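What follows is my_file17.txt (compact mmCIF, C-alpha atoms).
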# COMPACT_ATOMS: atom_id res chain seq x y z
CA MET R 1 77.01 133.33 83.08
CA ALA R 2 77.16 135.31 79.84
CA SER R 3 75.60 133.76 76.73
CA HIS R 4 78.96 133.36 74.97
CA GLU R 5 80.23 131.36 77.95
CA ARG R 6 77.38 128.84 78.05
CA ASP R 7 79.30 126.32 75.95
CA VAL R 8 82.26 126.47 78.34
CA ILE R 9 82.41 123.76 81.00
CA ILE R 10 85.08 123.89 83.68
CA ALA R 11 85.20 120.66 85.66
CA LEU R 12 87.15 119.86 88.79
CA GLY R 13 87.70 116.13 89.28
CA MET R 14 88.99 114.12 92.25
CA GLU R 15 90.46 110.61 92.03
CA SER R 16 91.36 108.57 95.11
CA SER R 17 90.55 104.94 94.29
CA ALA R 18 93.94 103.53 95.35
CA ASN R 19 97.24 104.83 96.75
CA LYS R 20 97.25 107.99 94.66
CA ILE R 21 95.02 111.02 95.20
CA GLY R 22 94.75 113.53 92.40
CA VAL R 23 92.84 116.69 91.61
CA GLY R 24 92.48 117.87 88.03
CA ILE R 25 90.72 120.76 86.33
CA MET R 26 89.51 120.50 82.73
CA LYS R 27 88.12 123.16 80.41
CA HIS R 28 85.73 121.98 77.69
CA VAL R 29 84.80 124.43 74.92
CA ASN R 30 82.66 123.30 71.97
CA GLY R 31 84.02 119.75 72.03
CA GLN R 32 87.65 120.81 72.61
CA SER R 33 89.27 119.93 75.93
CA GLU R 34 92.21 121.45 77.80
CA VAL R 35 93.93 120.34 81.00
CA LEU R 36 94.25 123.37 83.28
CA ALA R 37 95.65 121.55 86.32
CA ASN R 38 96.71 118.02 87.26
CA VAL R 39 98.21 117.63 90.73
CA ARG R 40 98.60 114.51 92.86
CA ARG R 41 100.20 112.85 95.87
CA THR R 42 101.11 109.16 96.20
CA TYR R 43 101.10 107.05 99.33
CA VAL R 44 104.33 105.02 99.22
CA THR R 45 104.94 102.14 101.62
CA PRO R 46 108.28 100.45 102.47
CA PRO R 47 109.65 97.67 100.21
CA GLY R 48 107.98 94.31 100.74
CA THR R 49 104.70 95.81 101.94
CA GLY R 50 101.42 96.84 100.35
CA PHE R 51 99.08 99.69 101.20
CA LEU R 52 96.15 99.15 103.56
CA PRO R 53 92.83 100.99 102.94
CA LYS R 54 92.82 102.61 106.40
CA ASP R 55 96.35 104.01 106.11
CA THR R 56 95.81 105.06 102.49
CA ALA R 57 92.64 106.94 103.40
CA LYS R 58 94.50 108.74 106.21
CA HIS R 59 97.17 109.82 103.70
CA HIS R 60 94.51 111.12 101.30
CA ARG R 61 92.68 113.07 104.03
CA THR R 62 95.98 114.75 104.89
CA HIS R 63 96.53 116.04 101.33
CA VAL R 64 93.13 116.49 99.66
CA ILE R 65 92.37 120.09 100.73
CA ALA R 66 95.86 121.29 99.82
CA LEU R 67 95.54 119.59 96.42
CA VAL R 68 92.24 121.34 95.67
CA LYS R 69 93.84 124.70 96.50
CA GLU R 70 96.93 123.86 94.47
CA ALA R 71 94.85 122.85 91.43
CA LEU R 72 92.77 126.04 91.56
CA ALA R 73 95.94 128.14 91.87
CA GLU R 74 97.58 126.33 88.94
CA ALA R 75 94.47 126.87 86.80
CA LYS R 76 94.22 130.52 87.97
CA LEU R 77 90.60 130.01 88.96
CA ARG R 78 88.31 130.50 91.95
CA ILE R 79 86.09 127.66 93.07
CA GLN R 80 83.08 129.79 92.03
CA ASP R 81 84.31 129.56 88.43
CA LEU R 82 83.68 125.81 88.30
CA THR R 83 80.76 124.45 86.28
CA VAL R 84 80.78 120.97 87.80
CA ILE R 85 82.61 118.92 90.42
CA CYS R 86 83.37 115.27 89.66
CA PHE R 87 84.67 112.39 91.77
CA THR R 88 85.49 108.72 91.31
CA LYS R 89 82.54 106.69 92.56
CA GLY R 90 84.21 103.31 91.96
CA PRO R 91 85.46 100.73 91.47
CA GLY R 92 88.28 101.09 93.96
CA MET R 93 89.20 100.80 97.64
CA GLY R 94 86.32 101.89 99.87
CA GLY R 95 88.24 103.95 102.43
CA PRO R 96 90.30 105.97 99.93
CA LEU R 97 87.29 106.46 97.64
CA HIS R 98 85.32 107.93 100.53
CA VAL R 99 87.81 110.79 100.90
CA SER R 100 87.28 112.37 97.48
CA ALA R 101 83.55 111.60 97.54
CA LEU R 102 83.13 113.42 100.86
CA ILE R 103 85.15 116.50 99.84
CA ALA R 104 83.46 116.69 96.42
CA ARG R 105 79.99 116.53 97.98
CA THR R 106 80.91 119.11 100.61
CA LEU R 107 82.20 121.59 98.03
CA SER R 108 79.19 120.95 95.83
CA LEU R 109 76.80 121.82 98.67
CA MET R 110 78.81 124.80 99.93
CA TYR R 111 79.08 126.50 96.54
CA ASN R 112 75.92 125.12 94.86
CA ILE R 113 77.89 123.44 92.05
CA PRO R 114 76.50 120.33 90.31
CA LEU R 115 78.07 117.03 91.37
CA VAL R 116 78.85 114.11 89.03
CA GLY R 117 80.10 110.68 90.04
CA VAL R 118 82.40 109.08 87.44
CA ASN R 119 83.04 105.39 86.82
CA HIS R 120 86.75 104.78 87.33
CA CYS R 121 87.10 102.56 84.24
CA ILE R 122 85.19 104.91 81.91
CA GLY R 123 87.29 107.81 83.22
CA HIS R 124 90.48 106.01 82.18
CA ILE R 125 89.12 105.27 78.71
CA GLU R 126 87.67 108.71 77.97
CA MET R 127 90.81 110.44 79.24
CA GLY R 128 92.91 108.28 76.93
CA ARG R 129 90.65 108.97 73.95
CA MET R 130 90.79 112.70 74.59
CA ILE R 131 94.59 112.82 74.85
CA THR R 132 95.35 110.53 71.88
CA GLY R 133 92.46 111.40 69.57
CA ALA R 134 91.73 107.70 69.07
CA GLU R 135 88.41 107.24 67.27
CA ASN R 136 87.20 103.69 67.94
CA PRO R 137 90.02 101.71 69.56
CA VAL R 138 90.11 98.38 71.31
CA VAL R 139 90.92 99.33 74.89
CA LEU R 140 93.41 97.40 76.99
CA TYR R 141 92.64 98.47 80.56
CA VAL R 142 95.38 97.32 82.94
CA SER R 143 95.74 98.51 86.51
CA GLY R 144 96.17 97.32 90.09
CA GLY R 145 92.53 96.29 90.34
CA ASN R 146 91.41 95.72 86.75
CA THR R 147 92.48 93.81 83.64
CA GLN R 148 90.00 94.03 80.76
CA VAL R 149 89.94 94.15 76.97
CA ILE R 150 87.11 96.50 76.00
CA ALA R 151 85.56 97.82 72.79
CA TYR R 152 82.65 100.15 72.10
CA ALA R 153 79.79 98.37 70.38
CA GLU R 154 76.01 98.81 70.25
CA ARG R 155 76.15 102.16 72.09
CA ARG R 156 78.02 100.85 75.11
CA TYR R 157 81.42 99.57 76.19
CA GLN R 158 81.58 95.79 75.90
CA ILE R 159 84.08 93.57 77.74
CA PHE R 160 85.62 91.11 75.27
CA GLY R 161 88.06 89.55 77.73
CA GLU R 162 89.22 89.96 81.31
CA THR R 163 91.10 88.37 84.17
CA LEU R 164 89.50 85.34 85.77
CA ASP R 165 91.06 86.07 89.16
CA ILE R 166 93.50 88.82 90.17
CA ALA R 167 94.41 91.91 88.15
CA ILE R 168 97.79 92.12 86.43
CA GLY R 169 98.77 95.10 88.60
CA ASN R 170 98.07 93.09 91.73
CA CYS R 171 100.22 90.25 90.38
CA LEU R 172 103.11 92.64 89.68
CA ASP R 173 102.79 94.36 93.07
CA ARG R 174 102.89 91.08 94.97
CA PHE R 175 105.81 89.80 92.92
CA ALA R 176 107.70 93.02 93.70
CA ARG R 177 107.19 92.29 97.41
CA ILE R 178 108.63 88.78 96.94
CA MET R 179 111.68 90.30 95.24
CA GLY R 180 111.99 93.09 97.82
CA LEU R 181 111.71 95.78 95.14
CA PRO R 182 110.80 99.32 96.29
CA ASN R 183 107.30 100.78 95.89
CA ASP R 184 108.64 104.18 94.83
CA PRO R 185 107.64 105.33 92.25
CA ALA R 186 105.68 102.12 91.58
CA PRO R 187 106.36 98.36 91.84
CA GLY R 188 105.54 97.75 88.17
CA TYR R 189 107.95 100.46 87.07
CA ASN R 190 110.74 98.96 89.16
CA ILE R 191 110.04 95.50 87.74
CA GLU R 192 110.28 96.97 84.24
CA GLN R 193 113.64 98.60 84.97
CA CYS R 194 114.95 95.39 86.53
CA ALA R 195 113.70 93.36 83.55
CA LYS R 196 115.79 95.43 81.14
CA LYS R 197 118.89 93.78 82.64
CA GLY R 198 117.53 90.23 82.41
CA THR R 199 119.23 87.92 79.90
CA ARG R 200 117.76 84.45 80.60
CA PHE R 201 114.14 83.37 80.24
CA VAL R 202 112.61 81.28 83.03
CA ASP R 203 109.74 78.99 82.00
CA LEU R 204 106.58 80.15 83.82
CA PRO R 205 102.85 79.24 83.64
CA TYR R 206 100.98 80.87 80.75
CA THR R 207 97.19 80.83 81.10
CA VAL R 208 94.85 82.18 78.42
CA LYS R 209 91.38 80.63 78.25
CA GLY R 210 89.53 81.86 75.19
CA MET R 211 89.42 85.63 75.66
CA ASP R 212 90.18 85.53 79.38
CA MET R 213 93.44 85.39 81.33
CA SER R 214 94.54 84.07 84.71
CA PHE R 215 97.39 85.58 86.72
CA SER R 216 97.02 83.83 90.08
CA GLY R 217 98.73 80.63 88.92
CA ILE R 218 101.91 82.34 87.78
CA LEU R 219 102.04 84.30 91.04
CA SER R 220 101.52 81.19 93.18
CA HIS R 221 104.25 79.43 91.19
CA LEU R 222 106.68 82.27 91.85
CA GLU R 223 105.77 82.46 95.54
CA LYS R 224 106.72 78.78 95.88
CA THR R 225 109.79 78.70 93.62
CA ALA R 226 111.35 82.21 93.72
CA LYS R 227 113.95 81.44 96.40
CA GLN R 228 115.02 78.23 94.65
CA SER R 229 115.08 79.94 91.24
CA LEU R 230 117.34 82.70 92.56
CA SER R 231 120.05 80.10 93.11
CA GLU R 232 120.20 79.58 89.34
CA TYR R 233 118.74 82.79 87.88
CA SER R 234 119.17 86.44 88.79
CA LYS R 235 116.47 88.74 90.11
CA GLU R 236 116.63 90.53 86.76
CA ASP R 237 115.96 87.25 84.91
CA LEU R 238 112.84 86.59 86.98
CA CYS R 239 111.53 90.12 86.39
CA PHE R 240 112.22 89.78 82.66
CA SER R 241 110.48 86.40 82.44
CA LEU R 242 107.41 87.46 84.40
CA GLN R 243 107.00 90.63 82.35
CA GLU R 244 107.36 88.76 79.04
CA ASN R 245 104.81 86.12 80.10
CA LEU R 246 102.18 88.53 81.43
CA PHE R 247 102.41 90.99 78.56
CA ALA R 248 102.33 88.21 75.95
CA MET R 249 99.00 87.08 77.43
CA LEU R 250 97.62 90.62 77.18
CA VAL R 251 98.81 91.07 73.61
CA GLU R 252 97.33 87.72 72.51
CA VAL R 253 93.84 88.54 73.78
CA THR R 254 93.96 92.14 72.58
CA GLU R 255 95.02 91.10 69.08
CA ARG R 256 92.14 88.62 68.93
CA ALA R 257 89.68 91.35 69.95
CA MET R 258 91.09 93.68 67.28
CA ALA R 259 90.58 91.04 64.61
CA HIS R 260 87.03 90.38 65.81
CA VAL R 261 85.84 94.01 65.64
CA GLY R 262 88.10 95.09 62.77
CA ALA R 263 89.87 97.73 64.86
CA ARG R 264 93.06 99.46 63.75
CA GLU R 265 93.88 101.14 67.06
CA VAL R 266 94.66 99.98 70.57
CA LEU R 267 94.33 102.32 73.53
CA ILE R 268 96.27 101.22 76.62
CA VAL R 269 94.98 102.81 79.83
CA GLY R 270 95.60 102.25 83.54
CA GLY R 271 98.59 102.22 85.82
CA VAL R 272 100.23 99.18 84.19
CA GLY R 273 100.32 100.84 80.76
CA SER R 274 104.12 100.86 80.79
CA GLU R 275 106.53 101.84 78.06
CA TYR R 276 107.40 98.19 77.39
CA LEU R 277 103.75 97.10 77.15
CA GLN R 278 103.15 99.88 74.62
CA TRP R 279 106.10 98.61 72.58
CA ALA R 280 104.91 95.00 72.81
CA GLN R 281 101.42 95.99 71.60
CA LYS R 282 102.72 97.82 68.50
CA THR R 283 103.49 94.60 66.59
CA PRO R 284 99.90 93.26 66.34
CA CYS R 285 98.69 96.77 65.47
CA SER R 286 101.18 96.91 62.60
CA ILE R 287 100.17 93.42 61.42
CA ASN R 288 96.48 94.30 61.45
CA GLU R 289 97.15 97.48 59.48
CA PHE R 290 99.20 95.51 56.92
CA TYR R 291 96.44 93.00 56.23
CA ARG R 292 93.55 95.48 55.99
How does the structure come out when it is put into structure tokens?
Amino acid sequence: MASHERDVIIALGMESSANKIGVGIMKHVNGQSEVLANVRRTYVTPPGTGFLPKDTAKHHRTHVIALVKEALAEAKLRIQDLTVICFTKGPGMGGPLHVSALIARTLSLMYNIPLVGVNHCIGHIEMGRMITGAENPVVLYVSGGNTQVIAYAERRYQIFGETLDIAIGNCLDRFARIMGLPNDPAPGYNIEQCAKKGTRFVDLPYTVKGMDMSFSGILSHLEKTAKQSLSEYSKEDLCFSLQENLFAMLVEVTERAMAHVGAREVLIVGGVGSEYLQWAQKTPCSINEFYR
């Protein structure tokens, strides 16, 4: 590699921790980053069902090689041009994770390219910081398997609050199954669209304990009462009420973390970072800015 190119890093990354498999290529030059390719495929199951690790891994194996070729073509690169190959090492579903790990290691050995395993959570955060330019935000990490409020302190990411049981994405996915909502493009997205038509609020459990949250109680309540509630309320009302309750819990804990560390920014990352959650989080950010 020529001397003027030594500060250029071209990284190919693979992500397959859940029902989506993606391949991206990034170019890093003197601290500046550029997305050269970002291609993906999603394993979608019928309404009322979830995705099993075995079936999800089979889907990923079917598409991973084609995605690598597609990403290289989109970036107009050869595999020999890569500086490093990265893959998600966890957390995530074991079977699906194994697909990208195996292909990444194979390519690394075949072409003698360094291999780097990436923590799934840190990947979300650093990607968000790169895209938004956020300097030192409180991070609200919400996905199918994780719900955490995180801030960077004392040279490491510290967890200020988290779920005590299931993740918010898991709660939304299972509620979507109860309601018979489709999984395409995502259960949470379909709940959000349904909630926009809701007009009546249904009283549901609200559980915040200090800086931690619990979502299993509200889900159990809905599993027991949904059919009875639908005789009085619409499906849209239930979606609206669940979304309001869950997101209010997230905003409460995030706002408390912002006050504690004196942060002026919130970075929302993960698959549950919906348009409505972003809107709901703007109010405490504006309040904190006003009182600084």
Exercise: Val149 in chain R partners within 8 Å, only C-alpha atoms, chain neighbours under 6 positions left out, as a ChimeraX atom specification: /R:138-141,159-162,253-254,257
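Here CA of Gly210 in chain R is placed at a distance of 14.7 Å from CA of Asp165 in chain R.
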Coordinates-based distance that separates CA of Asp55 in chain R from CA of Lys20 in chain R (Å, one decimal): 12.2 Å
Point (93.9, 113.8, 94.2), cut-off 9 Å, counting only C-alpha atoms, residues as a ChimeraX atom specification: /R:13-16,20-24,38-42,60,63-64,67-68,100
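Taking CA of Gly123 in chain R as the reference point, CA of Ser33 in chain R is found at 14.3 Å.
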Neighbour list for Lys197 in chain R as a ChimeraX atom specification, cut-off 10 Å, all atoms listed in the file, skip fewer than 5 positions in-chain: /R:192,234-237,239-240
Top pick for closest residue to Thr106 in chain R, considering R:Cys171, R:Cys86, R:Ala18, R:Ala263 and counting only C-alpha atoms: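 Among the listed residues, R:Cys86 lies closest to Thr106 in chain R.
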For a cutoff of 10 Å around the file-coordinate point (95.4, 95.1, 85.8), which residues qualify once you count all atoms listed in the file? I'd like the result as a short mmCIF file (atom, residue, chain, number, x, y, z; two decimals) with C-alpha atoms, in the coordinates of the input.
data_model
loop_
_atom_site.label_atom_id
_atom_site.label_comp_id
_atom_site.auth_asym_id
_atom_site.auth_seq_id
_atom_site.Cartn_x
_atom_site.Cartn_y
_atom_site.Cartn_z
CA LEU R 140 93.41 97.40 76.99
CA TYR R 141 92.64 98.47 80.56
CA VAL R 142 95.38 97.32 82.94
CA SER R 143 95.74 98.51 86.51
CA GLY R 144 96.17 97.32 90.09
CA GLY R 145 92.53 96.29 90.34
CA ASN R 146 91.41 95.72 86.75
CA THR R 147 92.48 93.81 83.64
CA GLN R 148 90.00 94.03 80.76
CA GLU R 162 89.22 89.96 81.31
CA THR R 163 91.10 88.37 84.17
CA ILE R 166 93.50 88.82 90.17
CA ALA R 167 94.41 91.91 88.15
CA ILE R 168 97.79 92.12 86.43
CA GLY R 169 98.77 95.10 88.60
CA ASN R 170 98.07 93.09 91.73
CA CYS R 171 100.22 90.25 90.38
CA LEU R 172 103.11 92.64 89.68
CA PHE R 215 97.39 85.58 86.72
CA LEU R 250 97.62 90.62 77.18
CA VAL R 269 94.98 102.81 79.83
CA GLY R 270 95.60 102.25 83.54
CA GLY R 271 98.59 102.22 85.82
CA VAL R 272 100.23 99.18 84.19
CA GLY R 273 100.32 100.84 80.76
#
For Lys58 in chain R, the nearest of the candidates R:Ile150, R:Ile191, R:Val99, R:Leu230, counting all atoms listed in the file: R:Val99
Selection near Met110 in chain R, 12 Å with only C-alpha atoms, sequence-local residues under 4 positions removed, as an NGL selection string: :R and (79-80 or 85 or 103-106 or 114-115)
Could I see range 130-141 of chain R restored to all heavy atoms, set down as a PDB file, in the frame of the given file?
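Heads up, here's the output in out18.pdb:
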ATOM      1  N   MET R 130      90.643 111.257  74.740  1.00  0.00           N
ATOM      2  CA  MET R 130      90.790 112.700  74.590  1.00  0.00           C
ATOM      3  C   MET R 130      92.238 113.077  74.272  1.00  0.00           C
ATOM      4  O   MET R 130      92.516 113.869  73.369  1.00  0.00           O
ATOM      5  CB  MET R 130      90.354 113.412  75.869  1.00  0.00           C
ATOM      6  CG  MET R 130      90.422 114.928  75.792  1.00  0.00           C
ATOM      7  SD  MET R 130      90.614 115.701  77.403  1.00  0.00           S
ATOM      8  CE  MET R 130      92.376 115.479  77.675  1.00  0.00           C
ATOM      9  N   ILE R 131      93.184 112.465  75.005  1.00  0.00           N
ATOM     10  CA  ILE R 131      94.590 112.820  74.850  1.00  0.00           C
ATOM     11  C   ILE R 131      95.152 112.336  73.509  1.00  0.00           C
ATOM     12  O   ILE R 131      95.912 113.044  72.850  1.00  0.00           O
ATOM     13  CB  ILE R 131      95.416 112.246  76.017  1.00  0.00           C
ATOM     14  CG1 ILE R 131      95.029 112.961  77.323  1.00  0.00           C
ATOM     15  CG2 ILE R 131      96.914 112.388  75.768  1.00  0.00           C
ATOM     16  CD1 ILE R 131      95.617 112.340  78.558  1.00  0.00           C
ATOM     17  N   THR R 132      94.766 111.118  73.091  1.00  0.00           N
ATOM     18  CA  THR R 132      95.350 110.530  71.880  1.00  0.00           C
ATOM     19  C   THR R 132      94.578 110.848  70.612  1.00  0.00           C
ATOM     20  O   THR R 132      95.122 110.733  69.511  1.00  0.00           O
ATOM     21  CB  THR R 132      95.428 109.002  72.019  1.00  0.00           C
ATOM     22  OG1 THR R 132      94.095 108.466  72.141  1.00  0.00           O
ATOM     23  CG2 THR R 132      96.241 108.607  73.240  1.00  0.00           C
ATOM     24  N   GLY R 133      93.288 111.187  70.757  1.00  0.00           N
ATOM     25  CA  GLY R 133      92.460 111.400  69.570  1.00  0.00           C
ATOM     26  C   GLY R 133      92.015 110.105  68.917  1.00  0.00           C
ATOM     27  O   GLY R 133      91.540 110.115  67.769  1.00  0.00           O
ATOM     28  N   ALA R 134      92.156 108.990  69.622  1.00  0.00           N
ATOM     29  CA  ALA R 134      91.730 107.700  69.070  1.00  0.00           C
ATOM     30  C   ALA R 134      90.227 107.715  68.811  1.00  0.00           C
ATOM     31  O   ALA R 134      89.450 108.211  69.631  1.00  0.00           O
ATOM     32  CB  ALA R 134      92.085 106.573  70.045  1.00  0.00           C
ATOM     33  N   GLU R 135      89.814 107.163  67.669  1.00  0.00           N
ATOM     34  CA  GLU R 135      88.410 107.240  67.270  1.00  0.00           C
ATOM     35  C   GLU R 135      87.589 106.069  67.811  1.00  0.00           C
ATOM     36  O   GLU R 135      86.592 106.264  68.491  1.00  0.00           O
ATOM     37  CB  GLU R 135      88.310 107.300  65.744  1.00  0.00           C
ATOM     38  CG  GLU R 135      88.904 108.587  65.158  1.00  0.00           C
ATOM     39  CD  GLU R 135      88.772 108.648  63.656  1.00  0.00           C
ATOM     40  OE1 GLU R 135      88.151 107.722  63.064  1.00  0.00           O
ATOM     41  OE2 GLU R 135      89.275 109.614  63.058  1.00  0.00           O
ATOM     42  N   ASN R 136      87.977 104.856  67.482  1.00  0.00           N
ATOM     43  CA  ASN R 136      87.200 103.690  67.940  1.00  0.00           C
ATOM     44  C   ASN R 136      88.161 102.549  68.255  1.00  0.00           C
ATOM     45  O   ASN R 136      88.167 101.522  67.574  1.00  0.00           O
ATOM     46  CB  ASN R 136      86.188 103.278  66.873  1.00  0.00           C
ATOM     47  CG  ASN R 136      85.221 102.221  67.388  1.00  0.00           C
ATOM     48  OD1 ASN R 136      84.970 102.129  68.592  1.00  0.00           O
ATOM     49  ND2 ASN R 136      84.712 101.406  66.492  1.00  0.00           N
ATOM     50  N   PRO R 137      88.979 102.709  69.286  1.00  0.00           N
ATOM     51  CA  PRO R 137      90.020 101.710  69.560  1.00  0.00           C
ATOM     52  C   PRO R 137      89.504 100.524  70.361  1.00  0.00           C
ATOM     53  O   PRO R 137      88.467 100.599  71.026  1.00  0.00           O
ATOM     54  CB  PRO R 137      91.022 102.501  70.401  1.00  0.00           C
ATOM     55  CG  PRO R 137      90.152 103.442  71.183  1.00  0.00           C
ATOM     56  CD  PRO R 137      89.025 103.827  70.247  1.00  0.00           C
ATOM     57  N   VAL R 138      90.239  99.423  70.292  1.00  0.00           N
ATOM     58  CA  VAL R 138      90.110  98.380  71.310  1.00  0.00           C
ATOM     59  C   VAL R 138      90.906  98.874  72.510  1.00  0.00           C
ATOM     60  O   VAL R 138      92.029  99.357  72.369  1.00  0.00           O
ATOM     61  CB  VAL R 138      90.671  97.034  70.800  1.00  0.00           C
ATOM     62  CG1 VAL R 138      90.857  96.065  71.961  1.00  0.00           C
ATOM     63  CG2 VAL R 138      89.729  96.427  69.770  1.00  0.00           C
ATOM     64  N   VAL R 139      90.303  98.788  73.684  1.00  0.00           N
ATOM     65  CA  VAL R 139      90.920  99.330  74.890  1.00  0.00           C
ATOM     66  C   VAL R 139      91.492  98.198  75.730  1.00  0.00           C
ATOM     67  O   VAL R 139      90.787  97.229  76.054  1.00  0.00           O
ATOM     68  CB  VAL R 139      89.893 100.130  75.729  1.00  0.00           C
ATOM     69  CG1 VAL R 139      90.549 100.659  77.003  1.00  0.00           C
ATOM     70  CG2 VAL R 139      89.315 101.273  74.912  1.00  0.00           C
ATOM     71  N   LEU R 140      92.765  98.321  76.054  1.00  0.00           N
ATOM     72  CA  LEU R 140      93.410  97.400  76.990  1.00  0.00           C
ATOM     73  C   LEU R 140      93.545  98.149  78.313  1.00  0.00           C
ATOM     74  O   LEU R 140      94.359  99.058  78.445  1.00  0.00           O
ATOM     75  CB  LEU R 140      94.770  96.959  76.472  1.00  0.00           C
ATOM     76  CG  LEU R 140      95.609  96.058  77.386  1.00  0.00           C
ATOM     77  CD1 LEU R 140      94.847  94.796  77.769  1.00  0.00           C
ATOM     78  CD2 LEU R 140      96.941  95.709  76.738  1.00  0.00           C
ATOM     79  N   TYR R 141      92.708  97.788  79.276  1.00  0.00           N
ATOM     80  CA  TYR R 141      92.640  98.470  80.560  1.00  0.00           C
ATOM     81  C   TYR R 141      93.370  97.632  81.597  1.00  0.00           C
ATOM     82  O   TYR R 141      92.898  96.559  81.988  1.00  0.00           O
ATOM     83  CB  TYR R 141      91.182  98.707  80.939  1.00  0.00           C
ATOM     84  CG  TYR R 141      90.956  99.318  82.300  1.00  0.00           C
ATOM     85  CD1 TYR R 141      91.872 100.191  82.873  1.00  0.00           C
ATOM     86  CD2 TYR R 141      89.794  99.036  83.014  1.00  0.00           C
ATOM     87  CE1 TYR R 141      91.657 100.750  84.108  1.00  0.00           C
ATOM     88  CE2 TYR R 141      89.559  99.598  84.257  1.00  0.00           C
ATOM     89  CZ  TYR R 141      90.499 100.451  84.796  1.00  0.00           C
ATOM     90  OH  TYR R 141      90.281 101.009  86.037  1.00  0.00           O
TER      91      TYR R 141
END
